[in-house]
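> One structure, as structure tokens, below. Some questions next.
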Amino acid sequence: MPSLLSNRLAKRMLRPAFSLVEQRLERATTALQADLDALHHEVADLRRQSYGLGLLLDHAGRDGHRMPTATQLDTLVREVTTVTGASGEHARRDLTVAYRTVVALEALGVGRLAGSTSDVCGKLATVPLLAPPNEEVLEIGTQHGLFAAALMRMLHRAGVEPRLTVVDPLAGALVPTGTAPAPVREDVVRANLTLCGSRSGTEARLLRGASADPGVRAEVSDRRYGVVVLAGDPSVEGVLADLDLTEELAADGAVVVLDGHGDGTRPGVAEALAKRLADGSRLRLLGVVAGTAFLRSV
């Protein structure tokens, strides 16, 4: 049977319908092409923006990238509220400010802030929310001094004018930063501390040596500290020595930050803390935020 479409009469009768279908297909194709062109331009714009953000926030010059996800921030908010008792809204606000502070200081400073974005921001937001009892801050192990500078800014935002004491060998060792090693020297630390933008940085007291050195212990023991950050020797012996010193020097109600507690590459930190708490201590564990343990002296 011959095809209906090969019949002249049928073709003449169906021509208007064919024309209508062709017109509709042409309009649909034109609209689709316009959408595809717009999408192409949007993708090109996103690629340009992504490249610029990558230059600012990727892993070069630091331990890892500074591009947190919404899930990571939500987890941090829950952990910070659990440890501090602050509202979720308050915790989220301070974590956002901490993140902006980290990005700004790493862009301007020499070296890096050691740790993941969650770890660094969690520490910076949690300390002020725990309301330290005085303005004295002791940091044992500072690396390039950028975390101390960031913490000074966060404490200032909370209405505290901190006075910083740093204990570190400051031996000039080169610490990899993702692009090139940066030296841990007193001049580098002081340059970074000035980035906190107040006399807290310029007047900071830097004590060269280890916390176990008798001379250092004598110098650092002239006051009681409202915040103690422990980021020094991660061995069991080293952490126990730092905890011993902390128990002597921490003011009542002081906030103690134990870095590396949840870091599998530094098992001595968690082991030392468990031993100290089991043996009896004036330090009480408040909780953990992104692998960092927070304690309160009593």
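Quick note on naming: the chains in the structure tokens go A, B, ... in the order shown, residues restart at 1 in each chain, and ligands are numbered from 1 in order of appearance.
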Pick out the residues sitting within 10 Å of Arg223 (chain A), and hand them over as a PyMOL selection string; count only C-alpha atoms, and ignore anything fewer than 6 positions along from it in its own chain.
chain A and resi 136+249-251
> If you keep C-alpha atoms, can you produce a file of those selected residues as a PDB file, in the first residue's frame?

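What ended up in again03.pdb:
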```pdb
ATOM      1  CA  GLU A 136      45.905  37.499  80.303  1.00  0.00           C
ATOM      2  CA  LEU A 249      49.232  29.367  86.237  1.00  0.00           C
ATOM      3  CA  ALA A 250      45.578  29.256  85.191  1.00  0.00           C
ATOM      4  CA  ALA A 251      43.273  31.685  86.974  1.00  0.00           C
TER       5      ALA A 251
END
```
> List the spatial neighbours of Leu258 (chain A) as a PyMOL selection string - criterion: any atom at most 7 Å away, only C-alpha atoms, same-chain residues fewer than 3 positions off excluded.
chain A and resi 229-231+261+292-294
> Enter the distance from CA of Thr81 (chain A) to CA of Gly264 (chain A), in Å, rounded to one decimal.
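About the pair CA of Thr81 (chain A) and CA of Gly264 (chain A): they are 24.5 Å apart.
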> Rounded to one decimal place, report the CA of Val269 (chain A)-CA of Gly122 (chain A) distance in Å.
18.0 Å
> Using only C-alpha atoms, which protein or nucleic acid residues come within 12 Å of Gly262 (chain A)? Drop anything in the same chain fewer than 4 positions from it, and give the result as a list in words.
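In the requested format, the answer is Gly115, Ser116, Asp119, Pro234, Leu258, Arg266, Pro267, Gly268, Val269, Ala270, Glu271, Leu273, Gly287, Val288, Val289, Ala290, Gly291, Thr292, Ala293 and Phe294 of chain A.
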> My list of candidates is A:Thr75, A:Gln49, A:Ser221, A:Ser200. Which is closest to Ala91 (chain A) when distances are computed with only C-alpha atoms?
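Looking at the shortest contact to Ala91 (chain A), the residue is A:Thr75.
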> So that I can check the secondary structure, give me every residue of region 93-293 of chain A assigned strand (DSSP E) by backbone DSSP, as a PyMOL selection string.
chain A and resi 136-140+163-168+174-175+182-183+205-208+225-230+250-258+283-289+292-293
> One decimal, Å: what's the distance from CA of Asp168 (chain A) over to CA of Arg217 (chain A), could you say?
12.0 Å
> Between A:Asp213, A:Met152, A:Leu243, A:Gly159, which residue has the minimum interatomic distance to Gly201 (chain A), considering only C-alpha atoms?
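The shortest atom-to-atom distance to Gly201 (chain A) comes from A:Met152.
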> If you run DSSP on the backbone here, which positions in region 73-294 of chain A get alpha helix (DSSP H)? Please write them as a PyMOL selection string.
chain A and resi 73-84+88-108+117-129+146-157+186-193+199-202+214-220+236-249+267-279
> Nearest to Val166 (chain A) among A:Gly226, A:Gly52, A:Gly197, A:Gly209, with distances taken over only C-alpha atoms: which residue is it?
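Among the listed residues, the smallest separation from Val166 (chain A) belongs to A:Gly209.
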